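Everything below concerns the one structure shown next.
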Amino acid sequence: MLKFNIEEKLKSAVNSFAKSKGIEEEVSFTVEIPPKNINADLASNAAMLIAKKLKVNPRVIAQELIEALQKKFSSEIKTIEIAGAGFINFHFTDAFLYGELSKILEKKENYAKQETSKNEKIMVEFVSANPTGPLHIGHGRGAAIGDSLGRILKHLGYTVVKEYYLNDVGNQMNVLGESTKTRYRQLKGENIPFLEDGYKGDYIKDIARTLINEGKSFDKIDFREESHTRILEGIKNDLNKFAVTFDNWFSESSIAVKKDNAGFTEVDKVCCSLKEKGFAYEQDGALWLNSVKYGDDKDRVLKRSDGRYTYLASDIAYHKNKYERQFTKVINLWGADHHGYVARINAAIQMLGQPAEALKVILYQLVSLVRNGVPVAMSTRSGEFVTLKEVLDEVGTDACRFFFLLRAPDSQLEFDLELAKKQSSENPVFYVQYVNARCHSIFKEYKDNGGKPADFNLLTSKEERDLIKKLALFEDTLLICAKTMSPHHLTTYLTETADIYHRFYEKCRVLGVEPELTKARVELLKAVSTVIIKGLNLLGVSAPEKM
RNA sequence: GCGCCCAUAGCUCAAUUGGAUAGAGCGUUUGACUACGAAUCAAAAGGUUAGAGGUUCAACUCCUCUUGGGCGCGCCA
């Protein structure tokens with residue numbers, strides 16, 4: 001992991017030092033930003049780890065290491081010192097920090113783009129909610145995480161495709177059609193019972209009502225198709241409102257229904273091939289996947305004894321298709337309730353000849369919805385759920401996305417509807433957006449009357465230095481997000497940056513001081529604004545100039 | 001019963017993946033608008049990181065057990 005673009009260089013220097021001491025294996029030391037109370041820009045535990053291997057006093061090793069590093073990094077690092085049990089603390093030269101600032105100003109919204117790893121092609125598959133009902137609040141969390149992760153990876157220079165897998169075949173679609181049909185007849189006055197396993201949500205009634213209003217005759221209506229199309233349209237509208245975009249919509253029917261010239265679907269073919277390779281076998285009239293072989297608890301059915309394929313069979317064919325499209329890394333975002341499914345899909349992709357690392361399933365814990373402290377059940381079938389749209393209408397896209405991206409996917413998220421409404425003016429998203437608004441009102445007032453370029457050497461206060469350092473960490477933050485597959489580090493980073501900015505703003509006047517200082521500070525603000533706008537953009541949050 | 005995830009300030013959550021005195025927001029208390037936006041800032045209070053052991057120079061982080069919660073265990077999707 002890079003730290004101020006310098007960590008890698010430091011690491012190799014330390015490793016060659018270790019080698020000169022007779023240590024052959026890599027020393028896995030860290031270079032980190034020290035806690036706030038430590039007066040240093042970077043810190044490393046390298047000496048402690050080397051000393052341990054050599055069984056000598058860490059502070060002695062630290063002293064030798066410092067001498068070796070000092071010469072090598074004189075342009076970036078001003079001083080190095082020993083602290084505590086043997087930590088090595090680094091202080092940057094001003095020139096190094098101003099260089100980072102110039103880089104942001106020069107590259108603007110392309111700042112932090114990476115040149116490496118261009119040949120890696122990543123797919124992020126997320127949401128993929130069944131088109132049997134509107135998106136609810138849980139889907140929203142997956143949507144926010146997947147979309148932002150995709151944006152971040154794209155910004156880092158990877159080729160990224162964000163995809164939605166549409167489960168548009170299977171029994172559920174028939175149930176959906178029947179549900180609408182029954183509602184239609186009921187609305188027409190027929191006294192018939194509703195289906196026991198039907199979809200009970202009001203949206204079904206709405207569709208039925210619309211169909212009645214459109215006046216088509218009953219026999220001519222394809223209830224299944226009409227329901228599917230309308231619900232999908234609603235899903236697309238909600239995602240659009242939520243600033244979530246997809247590069248591709250992949251339909252299950254293209255692998256499970258569509259046949260080739262010989263009359264086989266992709267699902268047929270992949271099952272057949274698994275069987276040939278010995279990964280699947282017949283038993284009790286069904287076809288089983290030998291997923292135990294790759295660590296699953298038990299084998300899984302691919303094809304039922306009645307001849308119908310299971311969902312898993314489709315999913316394997318789908319993943320085969322993904323790799324045929326040359327993705328080197330496939331990321332799936334699933335709700336935590338699907339975790340039992342991870343082992344079998346992992347097994348399956350290995351049977352397809354992929355290394356285990358080619359698939360990464362990110363499980364996000366479900367959103368537990370609370371209204372005035374009372375838990376609200378969320379089931380598409382019970383019809384008793386809160387839709388994403390409802391929440392968006394209440395709290396807005398920016399607040400909703402920021403809120404979802406504030407926490408790690410692993411943490412369970414409690415979403416109190418009443419609280420979310422109240423947060424309209426206290427939500428941390430405004431705290432970050434306010435930074436950009438403040439910058440822009442200064443830009444509006446400022447008049448650049450030419451002259452010499454800005455002199456960053458005038459930016460000497462602690463507040464300015466802290467701000468520059470934080471800006472220079474933007475790139476690291478994105479890399480951490482990519483490494484941990486979670487955008488929430490960026491959300492935290494932006495909040496911290498906003499905090500440092502607001503403190504700077506309080507202490508340092510920009511307008512009305514010496515013209516040269518004003519000029520330098522305006523440039524600093526341009527860099528702040530660039531990073532804040534880009535950061536918010538990667539989260540899918542707007543950065544208005546006026547609020 | 002078996003498996004996965006989680007437990008951190010009154011509440012909601014962080015902690016750069018093993019580092020130095022565990023941090024934010026909300027809430028509470030006290031102060032700051034006659035210069036760039038007070039959607040802000042300054043300060044205070046709040047912790048045995050669920051509990052007990054273990055590994056380590058160093059544990060919120062890794063291992064074991066206990067307790068408490070969420071979820072999953074179908075020829076459903």
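Order determines the names: the first chain of the structure tokens is A, the second B, and so forth; residues in each chain are numbered 1 upward, and ligands are numbered 1 upward as they are shown.
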Just the strand (DSSP E) stuff from range 332-449 of chain A, please, per backbone DSSP, written as a count of residues only. 22
Sel. of alpha helix (DSSP H) residues, range 298-428 of chain A, as number ranges by chain: A: 311-324, 342-351, 388-395, 397-404, 417-422, 428
Counting only C-alpha atoms (C1' of nucleotides), which residue out of B:G74, B:G3, B:G23, B:G31 sits closest to G47 in chain B? B:G23
Measuring atom to atom with only C-alpha atoms (C1' of nucleotides), identify which of B:G10, B:G37, B:G1, B:G19 is nearest to A58 in chain B.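 Nearest candidate to A58 in chain B out of B:G10, B:G37, B:G1, B:G19: B:G19.
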Applying 10 Å and only C-alpha atoms (C1' of nucleotides), which residues near C76 in chain B remain after dropping the ones on its own chain fewer than 3 positions away? List them as a ChimeraX atom specification. /A:171-172,310-311
Include N, CA and C atoms and write out the residues we just selected as a PDB file, in the first residue's frame.
```
ATOM      1  N   ASN A 171     -40.073 -20.316 -11.727  1.00  0.00           N
ATOM      2  CA  ASN A 171     -41.413 -20.375 -11.195  1.00  0.00           C
ATOM      3  C   ASN A 171     -41.879 -19.053 -10.606  1.00  0.00           C
ATOM      4  N   GLN A 172     -40.926 -18.315 -10.032  1.00  0.00           N
ATOM      5  CA  GLN A 172     -41.304 -17.052  -9.412  1.00  0.00           C
ATOM      6  C   GLN A 172     -41.995 -16.112 -10.393  1.00  0.00           C
ATOM      7  N   THR A 310     -31.884 -26.222 -11.299  1.00  0.00           N
ATOM      8  CA  THR A 310     -31.985 -25.352 -10.126  1.00  0.00           C
ATOM      9  C   THR A 310     -31.377 -23.990 -10.466  1.00  0.00           C
ATOM     10  N   TYR A 311     -31.553 -23.086  -9.527  1.00  0.00           N
ATOM     11  CA  TYR A 311     -30.978 -21.757  -9.670  1.00  0.00           C
ATOM     12  C   TYR A 311     -29.460 -21.828  -9.789  1.00  0.00           C
TER      13      TYR A 311
END
```
Find the residues of chain B in contact range of chain A, meaning any atom within 9 Å when counting only C-alpha atoms (C1' of nucleotides), and list them as number ranges by chain. B: 3-6, 12-14, 16-17, 19-21, 24-26, 35-37, 39-41, 57, 70-73, 75-77
